[in-house]
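Engineer: Input structure: upload08.cif, which contains mmCIF, N, CA and C atoms.
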```cif
data_my_file
#
loop_
_atom_site.label_atom_id
_atom_site.label_comp_id
_atom_site.auth_asym_id
_atom_site.auth_seq_id
_atom_site.Cartn_x
_atom_site.Cartn_y
_atom_site.Cartn_z
N MET A 1 -114.17 108.97 -98.26
CA MET A 1 -112.77 109.01 -98.60
C MET A 1 -112.60 108.46 -100.02
N ILE A 2 -111.73 109.07 -100.79
CA ILE A 2 -111.44 108.62 -102.14
C ILE A 2 -110.04 108.02 -102.17
N LYS A 3 -109.92 106.88 -102.87
CA LYS A 3 -108.64 106.18 -102.95
C LYS A 3 -108.43 105.67 -104.36
N ASP A 4 -107.24 105.88 -104.88
CA ASP A 4 -106.86 105.29 -106.16
C ASP A 4 -106.74 103.78 -105.99
N VAL A 5 -107.08 103.03 -107.03
CA VAL A 5 -107.00 101.58 -106.99
C VAL A 5 -105.85 101.13 -107.89
N PHE A 6 -105.02 100.26 -107.35
CA PHE A 6 -103.87 99.72 -108.08
C PHE A 6 -103.97 98.21 -108.11
N ILE A 7 -103.20 97.58 -108.97
CA ILE A 7 -103.24 96.13 -109.14
C ILE A 7 -102.97 95.39 -107.83
N GLU A 8 -102.23 96.00 -106.92
CA GLU A 8 -101.90 95.36 -105.64
C GLU A 8 -103.09 95.33 -104.67
N ASP A 9 -104.13 96.08 -104.95
CA ASP A 9 -105.27 96.22 -104.03
C ASP A 9 -106.28 95.09 -104.21
N ASN A 10 -105.84 93.86 -103.98
CA ASN A 10 -106.70 92.69 -104.23
C ASN A 10 -108.03 92.75 -103.49
N HIS A 11 -108.02 93.11 -102.22
CA HIS A 11 -109.26 93.15 -101.45
C HIS A 11 -110.22 94.20 -101.98
N LEU A 12 -109.70 95.33 -102.44
CA LEU A 12 -110.55 96.37 -103.00
C LEU A 12 -111.10 95.96 -104.37
N ILE A 13 -110.27 95.30 -105.16
CA ILE A 13 -110.70 94.82 -106.47
C ILE A 13 -111.85 93.82 -106.31
N TYR A 14 -111.70 92.90 -105.37
CA TYR A 14 -112.75 91.91 -105.12
C TYR A 14 -114.05 92.60 -104.68
N GLN A 15 -113.95 93.55 -103.74
CA GLN A 15 -115.14 94.24 -103.25
C GLN A 15 -115.78 95.08 -104.35
N LEU A 16 -114.97 95.74 -105.15
CA LEU A 16 -115.50 96.57 -106.23
C LEU A 16 -116.24 95.72 -107.25
N GLU A 17 -115.67 94.60 -107.64
CA GLU A 17 -116.33 93.72 -108.60
C GLU A 17 -117.61 93.11 -108.01
N SER A 18 -117.63 92.89 -106.70
CA SER A 18 -118.83 92.35 -106.04
C SER A 18 -119.93 93.41 -105.91
N ASN A 19 -119.54 94.65 -105.61
CA ASN A 19 -120.52 95.72 -105.40
C ASN A 19 -121.14 96.22 -106.70
N PHE A 20 -120.41 96.12 -107.82
CA PHE A 20 -120.88 96.65 -109.09
C PHE A 20 -120.76 95.57 -110.18
N PRO A 21 -121.48 94.45 -110.01
CA PRO A 21 -121.29 93.32 -110.91
C PRO A 21 -121.70 93.61 -112.35
N THR A 22 -122.67 94.45 -112.58
CA THR A 22 -123.12 94.72 -113.95
C THR A 22 -121.98 95.30 -114.78
N TYR A 23 -121.26 96.27 -114.22
CA TYR A 23 -120.15 96.86 -114.95
C TYR A 23 -119.01 95.87 -115.12
N PHE A 24 -118.68 95.17 -114.06
CA PHE A 24 -117.50 94.31 -114.09
C PHE A 24 -117.74 92.96 -114.74
N LEU A 25 -118.97 92.69 -115.19
CA LEU A 25 -119.17 91.54 -116.07
C LEU A 25 -118.52 91.83 -117.41
N LYS A 26 -118.50 93.10 -117.79
CA LYS A 26 -117.91 93.51 -119.06
C LYS A 26 -116.40 93.70 -118.95
N THR A 27 -115.92 94.14 -117.82
CA THR A 27 -114.51 94.49 -117.63
C THR A 27 -113.97 93.80 -116.39
N LYS A 28 -112.95 92.98 -116.54
CA LYS A 28 -112.31 92.39 -115.37
C LYS A 28 -111.26 93.37 -114.89
N LEU A 29 -111.50 93.92 -113.72
CA LEU A 29 -110.70 95.02 -113.20
C LEU A 29 -109.22 94.68 -113.11
N SER A 30 -108.88 93.53 -112.56
CA SER A 30 -107.46 93.21 -112.40
C SER A 30 -106.77 93.10 -113.76
N ASP A 31 -107.46 92.53 -114.77
CA ASP A 31 -106.88 92.46 -116.12
C ASP A 31 -106.70 93.86 -116.69
N ASP A 32 -107.69 94.71 -116.49
CA ASP A 32 -107.62 96.07 -117.01
C ASP A 32 -106.44 96.83 -116.38
N LEU A 33 -106.31 96.72 -115.07
CA LEU A 33 -105.21 97.40 -114.38
C LEU A 33 -103.84 96.85 -114.79
N LYS A 34 -103.79 95.56 -115.03
CA LYS A 34 -102.53 94.91 -115.38
C LYS A 34 -102.13 95.17 -116.84
N ASN A 35 -103.09 95.21 -117.74
CA ASN A 35 -102.79 95.21 -119.16
C ASN A 35 -103.01 96.53 -119.88
N ASN A 36 -103.64 97.49 -119.23
CA ASN A 36 -103.92 98.75 -119.90
C ASN A 36 -103.30 99.89 -119.10
N VAL A 37 -102.17 100.38 -119.55
CA VAL A 37 -101.44 101.43 -118.81
C VAL A 37 -102.22 102.74 -118.77
N PHE A 38 -103.19 102.92 -119.66
CA PHE A 38 -103.95 104.16 -119.71
C PHE A 38 -105.14 104.15 -118.76
N SER A 39 -105.62 102.97 -118.38
CA SER A 39 -106.83 102.85 -117.58
C SER A 39 -106.53 103.09 -116.10
N LYS A 40 -107.32 103.96 -115.49
CA LYS A 40 -107.16 104.32 -114.07
C LYS A 40 -108.51 104.17 -113.37
N TYR A 41 -108.45 103.83 -112.09
CA TYR A 41 -109.65 103.70 -111.26
C TYR A 41 -109.42 104.39 -109.93
N PHE A 42 -110.49 104.97 -109.41
CA PHE A 42 -110.51 105.34 -108.00
C PHE A 42 -111.88 105.04 -107.44
N ILE A 43 -111.92 104.88 -106.12
CA ILE A 43 -113.15 104.49 -105.44
C ILE A 43 -113.51 105.50 -104.38
N TYR A 44 -114.78 105.50 -104.02
CA TYR A 44 -115.29 106.31 -102.92
C TYR A 44 -115.66 105.34 -101.81
N LEU A 45 -114.99 105.49 -100.67
CA LEU A 45 -115.21 104.61 -99.52
C LEU A 45 -115.99 105.34 -98.43
N GLU A 46 -116.91 104.62 -97.85
CA GLU A 46 -117.61 105.12 -96.66
C GLU A 46 -117.68 103.95 -95.68
N ASN A 47 -117.10 104.12 -94.50
CA ASN A 47 -117.05 103.05 -93.49
C ASN A 47 -116.50 101.76 -94.09
N SER A 48 -115.42 101.86 -94.84
CA SER A 48 -114.73 100.73 -95.47
C SER A 48 -115.55 100.04 -96.57
N ASN A 49 -116.68 100.60 -96.94
CA ASN A 49 -117.48 100.05 -98.03
C ASN A 49 -117.33 100.91 -99.27
N ILE A 50 -117.16 100.28 -100.41
CA ILE A 50 -117.06 101.00 -101.67
C ILE A 50 -118.48 101.35 -102.12
N ILE A 51 -118.75 102.65 -102.23
CA ILE A 51 -120.09 103.06 -102.64
C ILE A 51 -120.08 103.77 -104.00
N GLY A 52 -118.90 103.95 -104.57
CA GLY A 52 -118.82 104.55 -105.89
C GLY A 52 -117.45 104.34 -106.48
N PHE A 53 -117.37 104.47 -107.81
CA PHE A 53 -116.07 104.37 -108.46
C PHE A 53 -116.08 105.15 -109.76
N VAL A 54 -114.87 105.46 -110.21
CA VAL A 54 -114.65 106.12 -111.49
C VAL A 54 -113.60 105.32 -112.25
N ASN A 55 -113.84 105.14 -113.53
CA ASN A 55 -112.85 104.58 -114.45
C ASN A 55 -112.61 105.65 -115.51
N TYR A 56 -111.35 106.01 -115.68
CA TYR A 56 -111.00 106.99 -116.70
C TYR A 56 -109.70 106.55 -117.36
N TYR A 57 -109.44 107.16 -118.49
CA TYR A 57 -108.22 106.88 -119.23
C TYR A 57 -107.36 108.12 -119.24
N GLU A 58 -106.11 107.95 -118.86
CA GLU A 58 -105.14 109.03 -118.92
C GLU A 58 -104.38 108.86 -120.22
N LEU A 59 -104.75 109.68 -121.18
CA LEU A 59 -104.19 109.59 -122.53
C LEU A 59 -103.26 110.77 -122.74
N TYR A 60 -102.04 110.62 -122.20
CA TYR A 60 -101.00 111.63 -122.30
C TYR A 60 -101.43 112.92 -121.62
N ASP A 61 -101.91 113.91 -122.36
CA ASP A 61 -102.28 115.19 -121.75
C ASP A 61 -103.79 115.38 -121.66
N ARG A 62 -104.54 114.27 -121.73
CA ARG A 62 -106.01 114.32 -121.67
C ARG A 62 -106.54 113.20 -120.79
N PHE A 63 -107.73 113.42 -120.25
CA PHE A 63 -108.46 112.36 -119.56
C PHE A 63 -109.72 112.07 -120.37
N GLU A 64 -110.09 110.80 -120.42
CA GLU A 64 -111.37 110.40 -120.97
C GLU A 64 -112.12 109.66 -119.88
N LEU A 65 -113.22 110.23 -119.44
CA LEU A 65 -114.03 109.61 -118.39
C LEU A 65 -114.84 108.49 -119.02
N ALA A 66 -114.56 107.27 -118.62
CA ALA A 66 -115.24 106.11 -119.20
C ALA A 66 -116.48 105.75 -118.41
N TYR A 67 -116.40 105.85 -117.08
CA TYR A 67 -117.50 105.37 -116.26
C TYR A 67 -117.46 106.02 -114.88
N ILE A 68 -118.61 106.43 -114.42
CA ILE A 68 -118.77 106.90 -113.05
C ILE A 68 -120.04 106.24 -112.51
N GLU A 69 -119.91 105.61 -111.37
CA GLU A 69 -121.04 104.87 -110.81
C GLU A 69 -121.12 105.09 -109.31
N VAL A 70 -122.35 105.28 -108.82
CA VAL A 70 -122.60 105.42 -107.39
C VAL A 70 -123.68 104.40 -107.03
N ASP A 71 -123.44 103.68 -105.95
CA ASP A 71 -124.43 102.73 -105.45
C ASP A 71 -125.77 103.44 -105.31
N ILE A 72 -126.83 102.78 -105.75
CA ILE A 72 -128.15 103.41 -105.80
C ILE A 72 -128.59 103.97 -104.44
N LYS A 73 -128.17 103.33 -103.35
CA LYS A 73 -128.56 103.79 -102.00
C LYS A 73 -127.89 105.11 -101.62
N TYR A 74 -126.84 105.49 -102.34
CA TYR A 74 -126.07 106.69 -102.00
C TYR A 74 -126.19 107.79 -103.04
N ARG A 75 -127.07 107.62 -103.99
CA ARG A 75 -127.24 108.65 -105.02
C ARG A 75 -127.92 109.88 -104.43
N ASN A 76 -127.65 111.02 -105.02
CA ASN A 76 -128.17 112.33 -104.58
C ASN A 76 -127.66 112.71 -103.19
N LYS A 77 -126.44 112.25 -102.87
CA LYS A 77 -125.80 112.59 -101.59
C LYS A 77 -124.40 113.15 -101.83
N ASN A 78 -124.18 113.73 -103.00
CA ASN A 78 -122.92 114.39 -103.38
C ASN A 78 -121.74 113.46 -103.60
N VAL A 79 -121.96 112.16 -103.67
CA VAL A 79 -120.86 111.24 -103.92
C VAL A 79 -120.31 111.46 -105.33
N GLY A 80 -121.20 111.54 -106.32
CA GLY A 80 -120.77 111.80 -107.70
C GLY A 80 -120.02 113.10 -107.82
N SER A 81 -120.49 114.13 -107.13
CA SER A 81 -119.82 115.44 -107.17
C SER A 81 -118.43 115.37 -106.55
N LYS A 82 -118.30 114.65 -105.45
CA LYS A 82 -116.99 114.52 -104.81
C LYS A 82 -116.01 113.77 -105.72
N MET A 83 -116.52 112.77 -106.42
CA MET A 83 -115.64 112.04 -107.34
C MET A 83 -115.25 112.90 -108.53
N MET A 84 -116.17 113.72 -109.02
CA MET A 84 -115.83 114.65 -110.11
C MET A 84 -114.80 115.67 -109.64
N ASP A 85 -114.98 116.20 -108.43
CA ASP A 85 -113.99 117.13 -107.86
C ASP A 85 -112.60 116.49 -107.84
N TYR A 86 -112.55 115.24 -107.41
CA TYR A 86 -111.28 114.52 -107.32
C TYR A 86 -110.65 114.36 -108.71
N LEU A 87 -111.45 113.93 -109.68
CA LEU A 87 -110.94 113.74 -111.04
C LEU A 87 -110.39 115.05 -111.59
N ILE A 88 -111.10 116.13 -111.39
CA ILE A 88 -110.66 117.43 -111.89
C ILE A 88 -109.39 117.88 -111.17
N ASP A 89 -109.31 117.66 -109.87
CA ASP A 89 -108.10 118.01 -109.12
C ASP A 89 -106.88 117.22 -109.62
N VAL A 90 -107.06 115.93 -109.87
CA VAL A 90 -105.97 115.12 -110.40
C VAL A 90 -105.55 115.67 -111.76
N GLY A 91 -106.53 116.00 -112.59
CA GLY A 91 -106.23 116.57 -113.90
C GLY A 91 -105.46 117.87 -113.83
N LYS A 92 -105.83 118.72 -112.88
CA LYS A 92 -105.11 120.00 -112.71
C LYS A 92 -103.66 119.75 -112.31
N LYS A 93 -103.45 118.81 -111.39
CA LYS A 93 -102.08 118.50 -110.94
C LYS A 93 -101.22 117.94 -112.06
N LYS A 94 -101.86 117.26 -113.01
CA LYS A 94 -101.13 116.66 -114.12
C LYS A 94 -101.12 117.56 -115.35
N ASN A 95 -101.67 118.75 -115.22
CA ASN A 95 -101.72 119.72 -116.32
C ASN A 95 -102.36 119.17 -117.58
N ILE A 96 -103.46 118.45 -117.40
CA ILE A 96 -104.13 117.93 -118.59
C ILE A 96 -104.85 119.05 -119.32
N ILE A 97 -105.09 118.84 -120.61
CA ILE A 97 -105.73 119.85 -121.45
C ILE A 97 -107.24 119.82 -121.31
N ASN A 98 -107.81 118.60 -121.30
CA ASN A 98 -109.26 118.49 -121.21
C ASN A 98 -109.67 117.13 -120.67
N ILE A 99 -110.95 117.05 -120.32
CA ILE A 99 -111.60 115.80 -119.96
C ILE A 99 -112.75 115.63 -120.93
N THR A 100 -112.83 114.46 -121.55
CA THR A 100 -113.93 114.17 -122.45
C THR A 100 -114.73 112.99 -121.93
N LEU A 101 -115.95 112.86 -122.40
CA LEU A 101 -116.81 111.76 -122.00
C LEU A 101 -117.92 111.61 -123.01
N GLU A 102 -118.64 110.53 -122.87
CA GLU A 102 -119.82 110.29 -123.69
C GLU A 102 -120.94 109.85 -122.77
N VAL A 103 -122.15 110.33 -123.03
CA VAL A 103 -123.28 110.02 -122.16
C VAL A 103 -124.54 109.82 -123.00
N ASN A 104 -125.38 108.93 -122.53
CA ASN A 104 -126.68 108.68 -123.16
C ASN A 104 -127.55 109.92 -123.02
N VAL A 105 -128.16 110.35 -124.10
CA VAL A 105 -129.00 111.54 -124.10
C VAL A 105 -130.13 111.43 -123.07
N ASN A 106 -130.53 110.22 -122.72
CA ASN A 106 -131.62 110.01 -121.76
C ASN A 106 -131.16 109.95 -120.31
N ASN A 107 -129.86 110.04 -120.05
CA ASN A 107 -129.34 109.97 -118.69
C ASN A 107 -129.27 111.38 -118.11
N GLN A 108 -130.42 111.89 -117.70
CA GLN A 108 -130.52 113.28 -117.27
C GLN A 108 -129.70 113.58 -116.01
N SER A 109 -129.64 112.63 -115.08
CA SER A 109 -128.87 112.91 -113.86
C SER A 109 -127.38 113.04 -114.18
N ALA A 110 -126.87 112.22 -115.09
CA ALA A 110 -125.46 112.34 -115.49
C ALA A 110 -125.24 113.64 -116.24
N LEU A 111 -126.15 113.97 -117.15
CA LEU A 111 -126.02 115.24 -117.89
C LEU A 111 -125.99 116.43 -116.94
N ASN A 112 -126.85 116.41 -115.94
CA ASN A 112 -126.87 117.51 -114.95
C ASN A 112 -125.53 117.61 -114.22
N LEU A 113 -124.97 116.47 -113.82
CA LEU A 113 -123.69 116.45 -113.13
C LEU A 113 -122.60 117.03 -114.03
N TYR A 114 -122.54 116.58 -115.26
CA TYR A 114 -121.48 117.04 -116.17
C TYR A 114 -121.62 118.53 -116.48
N LYS A 115 -122.83 118.99 -116.68
CA LYS A 115 -123.03 120.43 -116.95
C LYS A 115 -122.64 121.26 -115.73
N LYS A 116 -122.93 120.75 -114.55
CA LYS A 116 -122.54 121.44 -113.31
C LYS A 116 -121.02 121.65 -113.27
N TYR A 117 -120.27 120.74 -113.86
CA TYR A 117 -118.80 120.82 -113.85
C TYR A 117 -118.22 121.43 -115.12
N GLY A 118 -119.06 122.10 -115.89
CA GLY A 118 -118.56 122.85 -117.04
C GLY A 118 -118.33 122.05 -118.30
N PHE A 119 -118.86 120.85 -118.38
CA PHE A 119 -118.77 120.09 -119.62
C PHE A 119 -119.77 120.64 -120.62
N ILE A 120 -119.34 120.73 -121.87
CA ILE A 120 -120.24 121.20 -122.93
C ILE A 120 -120.34 120.14 -124.02
N GLU A 121 -121.48 120.14 -124.70
CA GLU A 121 -121.70 119.21 -125.79
C GLU A 121 -120.84 119.60 -126.98
N VAL A 122 -120.10 118.64 -127.54
CA VAL A 122 -119.27 118.93 -128.70
C VAL A 122 -119.68 118.11 -129.93
N ALA A 123 -120.41 117.02 -129.74
CA ALA A 123 -120.87 116.21 -130.87
C ALA A 123 -121.94 115.24 -130.39
N VAL A 124 -122.63 114.65 -131.36
CA VAL A 124 -123.66 113.66 -131.07
C VAL A 124 -123.39 112.42 -131.91
N ARG A 125 -123.51 111.26 -131.28
CA ARG A 125 -123.45 109.99 -132.00
C ARG A 125 -124.87 109.46 -132.09
N LYS A 126 -125.43 109.51 -133.27
CA LYS A 126 -126.82 109.11 -133.49
C LYS A 126 -127.01 107.62 -133.21
N ASN A 127 -128.08 107.31 -132.47
CA ASN A 127 -128.49 105.92 -132.19
C ASN A 127 -127.37 105.07 -131.59
N TYR A 128 -126.52 105.66 -130.79
CA TYR A 128 -125.36 104.97 -130.24
C TYR A 128 -125.73 103.96 -129.15
N TYR A 129 -126.73 104.31 -128.35
CA TYR A 129 -127.15 103.45 -127.24
C TYR A 129 -128.49 102.80 -127.57
N ASP A 130 -128.48 101.72 -128.33
CA ASP A 130 -129.72 101.01 -128.67
C ASP A 130 -130.84 101.96 -129.08
N GLY A 131 -130.56 102.84 -129.98
CA GLY A 131 -131.56 103.78 -130.48
C GLY A 131 -131.48 105.16 -129.89
N ALA A 132 -130.83 105.32 -128.74
CA ALA A 132 -130.68 106.64 -128.13
C ALA A 132 -129.33 107.24 -128.54
N ASP A 133 -129.33 108.54 -128.69
CA ASP A 133 -128.09 109.22 -129.07
C ASP A 133 -127.09 109.26 -127.92
N GLY A 134 -125.82 109.28 -128.28
CA GLY A 134 -124.74 109.50 -127.33
C GLY A 134 -124.23 110.92 -127.50
N ILE A 135 -124.11 111.63 -126.41
CA ILE A 135 -123.60 113.00 -126.45
C ILE A 135 -122.14 113.00 -126.03
N LEU A 136 -121.28 113.52 -126.89
CA LEU A 136 -119.87 113.68 -126.54
C LEU A 136 -119.73 115.04 -125.88
N MET A 137 -119.06 115.05 -124.72
CA MET A 137 -118.91 116.28 -123.95
C MET A 137 -117.43 116.50 -123.62
N GLU A 138 -117.09 117.76 -123.40
CA GLU A 138 -115.71 118.12 -123.08
C GLU A 138 -115.70 119.22 -122.02
N ARG A 139 -114.71 119.11 -121.16
CA ARG A 139 -114.40 120.18 -120.20
C ARG A 139 -112.96 120.57 -120.42
N LYS A 140 -112.75 121.78 -120.89
CA LYS A 140 -111.39 122.26 -121.08
C LYS A 140 -110.78 122.59 -119.72
N MET A 141 -109.51 122.27 -119.58
CA MET A 141 -108.84 122.46 -118.30
C MET A 141 -107.88 123.65 -118.35
N ILE A 142 -107.44 124.03 -119.53
CA ILE A 142 -106.52 125.16 -119.63
C ILE A 142 -107.15 126.23 -120.47
#
```
Would you put the structure from the file into structure tokens?

Structural biologist:
Amino acid sequence: MIKDVFIEDNHLIYQLESNFPTYFLKTKLSDDLKNNVFSKYFIYLENSNIIGFVNYYELYDRFELAYIEVDIKYRNKNVGSKMMDYLIDVGKKKNIINITLEVNVNNQSALNLYKKYGFIEVAVRKNYYDGADGILMERKMI
């Protein structure tokens, strides 16, 4: 099941920060939800456990996918695909123009997922990730 996360979802925020500590060491979810009107989150729940999440920015008529993460035990089980389906469906309902993202050139599983959903390479940021290039990708929605 996929659920949007809001500032009122204290128990979900706590569980999300506990399940994915590496990401949330950089970003305090409750602060982000409270202080950044553009930042959005949704989670993938299985048996009341959060096994994946997406952080994206709704920038007027565009989405920017900031982060998609699936618990390592649940990878290659279509969780990432289901979350991408959800993000695209939300974008269609809001009539967004495109979804953009950036990915490490060495992250082949992420690249495969994005290409599966029609994202194309539009630019490269040289040496963006500690010596590895960052690929900017876009999926047009209209």

Engineer: Using only C-alpha atoms, collect all residues at a distance of at most 12 Å from (-109.9, 108.8, -102.0) as written in the file, then present them as a count of residues only.

Structural biologist: 26

Engineer: Pull the strand (DSSP E or B) assignments for region 10-122 of chain A out of DSSP run on the backbone, and list those residues as an NGL selection string.

Structural biologist: :A and (39-46 or 49-59 or 62-70 or 98-104 or 120-122)

Engineer: Using all atoms listed in the file for the distances, tell me which of A:Ala123, A:Asn104, A:Phe6, A:Arg62 is nearest to Gly91 (chain A).

Structural biologist: A:Arg62

Engineer: By how many Å are atom C of Lys77 (chain A) and CA of Ile97 (chain A) apart?

Structural biologist: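 Going from atom C of Lys77 (chain A) over to CA of Ile97 (chain A), I get 27.9 Å.
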
Engineer: Taking 2 positions as the minimum chain separation for residues in the same chain, which residues sit within 8 Å of Ala132 (chain A) when counting all atoms listed in the file? Answer as a list in words.

Structural biologist: Val103, Asn104, Val105, Asn106, Arg125, Lys126, Asn127, Tyr128, Tyr129, Asp130, Gly134 and Ile135 of chain A

Engineer: Convert the output of the PyMOL selection byres ((chain A and resi 110-121) around 6.5) on the shown file into explicit residues, formatted as a ChimeraX atom specification.

Structural biologist: /A:107-109,122-123,135-140

Engineer: Can you pull out every residue within 12 Å of Asp32 (chain A), counting only C-alpha atoms, but drop anything in the same chain fewer than 4 positions away, and send it as a list of chain:residue names?

Structural biologist: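 In the requested format, the answer is A:Val5, A:Phe6, A:Ile7, A:Ile13, A:Phe24, A:Lys26, A:Thr27, A:Lys28, A:Asn36, A:Val37, A:Phe38, A:Ser39, A:Lys40, A:Tyr41, A:Asn55, A:Tyr56, A:Tyr57.
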
Engineer: Could you pull out every residue with an atom within 8 Å of (-106.4, 123.3, -116.6), file coordinates, counting all atoms listed in the file, and send them as a ChimeraX atom specification?

Structural biologist: /A:91-98,140-142

Engineer: Quick one: distance from CA of Tyr23 (chain A) to CA of Gly80 (chain A) in Å, one decimal?

Structural biologist: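 Between CA of Tyr23 (chain A) and CA of Gly80 (chain A) the gap is 16.6 Å.
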
Engineer: Quick check, in Å to one decimal: how far apart do atom C of Leu65 (chain A) and CA of Leu29 (chain A) lie?

Structural biologist: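 Computing it gives 15.2 Å between the two atoms.
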
Engineer: Run DSSP on the backbone of this structure and report the residues of region 12-83 of chain A it assigns to alpha helix (DSSP H), as a short mmCIF file (atom, residue, chain, number, x, y, z; two decimals) with N, CA and C atoms, in the frame of the given file.

Structural biologist:
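Result file follows (result39.cif):
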```
data_model
loop_
_atom_site.label_atom_id
_atom_site.label_comp_id
_atom_site.auth_asym_id
_atom_site.auth_seq_id
_atom_site.Cartn_x
_atom_site.Cartn_y
_atom_site.Cartn_z
N LEU A 12 -109.70 95.33 -102.44
CA LEU A 12 -110.55 96.37 -103.00
C LEU A 12 -111.10 95.96 -104.37
N ILE A 13 -110.27 95.30 -105.16
CA ILE A 13 -110.70 94.82 -106.47
C ILE A 13 -111.85 93.82 -106.31
N TYR A 14 -111.70 92.90 -105.37
CA TYR A 14 -112.75 91.91 -105.12
C TYR A 14 -114.05 92.60 -104.68
N GLN A 15 -113.95 93.55 -103.74
CA GLN A 15 -115.14 94.24 -103.25
C GLN A 15 -115.78 95.08 -104.35
N LEU A 16 -114.97 95.74 -105.15
CA LEU A 16 -115.50 96.57 -106.23
C LEU A 16 -116.24 95.72 -107.25
N GLU A 17 -115.67 94.60 -107.64
CA GLU A 17 -116.33 93.72 -108.60
C GLU A 17 -117.61 93.11 -108.01
N SER A 18 -117.63 92.89 -106.70
CA SER A 18 -118.83 92.35 -106.04
C SER A 18 -119.93 93.41 -105.91
N ASN A 19 -119.54 94.65 -105.61
CA ASN A 19 -120.52 95.72 -105.40
C ASN A 19 -121.14 96.22 -106.70
N PRO A 21 -121.48 94.45 -110.01
CA PRO A 21 -121.29 93.32 -110.91
C PRO A 21 -121.70 93.61 -112.35
N THR A 22 -122.67 94.45 -112.58
CA THR A 22 -123.12 94.72 -113.95
C THR A 22 -121.98 95.30 -114.78
N TYR A 23 -121.26 96.27 -114.22
CA TYR A 23 -120.15 96.86 -114.95
C TYR A 23 -119.01 95.87 -115.12
N PHE A 24 -118.68 95.17 -114.06
CA PHE A 24 -117.50 94.31 -114.09
C PHE A 24 -117.74 92.96 -114.74
N LEU A 25 -118.97 92.69 -115.19
CA LEU A 25 -119.17 91.54 -116.07
C LEU A 25 -118.52 91.83 -117.41
N LYS A 26 -118.50 93.10 -117.79
CA LYS A 26 -117.91 93.51 -119.06
C LYS A 26 -116.40 93.70 -118.95
N LEU A 29 -111.50 93.92 -113.72
CA LEU A 29 -110.70 95.02 -113.20
C LEU A 29 -109.22 94.68 -113.11
N SER A 30 -108.88 93.53 -112.56
CA SER A 30 -107.46 93.21 -112.40
C SER A 30 -106.77 93.10 -113.76
N ASP A 31 -107.46 92.53 -114.77
CA ASP A 31 -106.88 92.46 -116.12
C ASP A 31 -106.70 93.86 -116.69
N ASP A 32 -107.69 94.71 -116.49
CA ASP A 32 -107.62 96.07 -117.01
C ASP A 32 -106.44 96.83 -116.38
N LEU A 33 -106.31 96.72 -115.07
CA LEU A 33 -105.21 97.40 -114.38
C LEU A 33 -103.84 96.85 -114.79
N LYS A 34 -103.79 95.56 -115.03
CA LYS A 34 -102.53 94.91 -115.38
C LYS A 34 -102.13 95.17 -116.84
N ASN A 35 -103.09 95.21 -117.74
CA ASN A 35 -102.79 95.21 -119.16
C ASN A 35 -103.01 96.53 -119.88
N VAL A 79 -121.96 112.16 -103.67
CA VAL A 79 -120.86 111.24 -103.92
C VAL A 79 -120.31 111.46 -105.33
N GLY A 80 -121.20 111.54 -106.32
CA GLY A 80 -120.77 111.80 -107.70
C GLY A 80 -120.02 113.10 -107.82
N SER A 81 -120.49 114.13 -107.13
CA SER A 81 -119.82 115.44 -107.17
C SER A 81 -118.43 115.37 -106.55
N LYS A 82 -118.30 114.65 -105.45
CA LYS A 82 -116.99 114.52 -104.81
C LYS A 82 -116.01 113.77 -105.72
N MET A 83 -116.52 112.77 -106.42
CA MET A 83 -115.64 112.04 -107.34
C MET A 83 -115.25 112.90 -108.53
#
```

Engineer: Enclose all atoms of region 101-113 of chain A listed in the file in an axis-aligned box, grow every side by 6 Å, and hand back centre and edge lengths in Å to one decimal, as lines of an AutoDock Vina configuration file.

Structural biologist:
```
center_x = -123.8
center_y = 113.1
center_z = -118.6
size_x = 27.7
size_y = 20.9
size_z = 23.0
```

Engineer: Glu8 (chain A): which residues within 10 Å, counting only C-alpha atoms, same-chain residues fewer than 5 positions away excluded, as a short mmCIF file (atom, residue, chain, number, x, y, z; two decimals) with N, CA and C atoms, keeping the file's coordinate frame?

Structural biologist:
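New file part.cif:
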```
data_model
loop_
_atom_site.label_atom_id
_atom_site.label_comp_id
_atom_site.auth_asym_id
_atom_site.auth_seq_id
_atom_site.Cartn_x
_atom_site.Cartn_y
_atom_site.Cartn_z
N ILE A 13 -110.27 95.30 -105.16
CA ILE A 13 -110.70 94.82 -106.47
C ILE A 13 -111.85 93.82 -106.31
N SER A 30 -108.88 93.53 -112.56
CA SER A 30 -107.46 93.21 -112.40
C SER A 30 -106.77 93.10 -113.76
N LEU A 33 -106.31 96.72 -115.07
CA LEU A 33 -105.21 97.40 -114.38
C LEU A 33 -103.84 96.85 -114.79
N LYS A 34 -103.79 95.56 -115.03
CA LYS A 34 -102.53 94.91 -115.38
C LYS A 34 -102.13 95.17 -116.84
#
```

Engineer: Go through A:Glu58, A:Ile72, A:Ser81, A:Asn35 and flag the residue nearest Ile99 (chain A), using only C-alpha atoms for the distances.

Structural biologist: A:Glu58
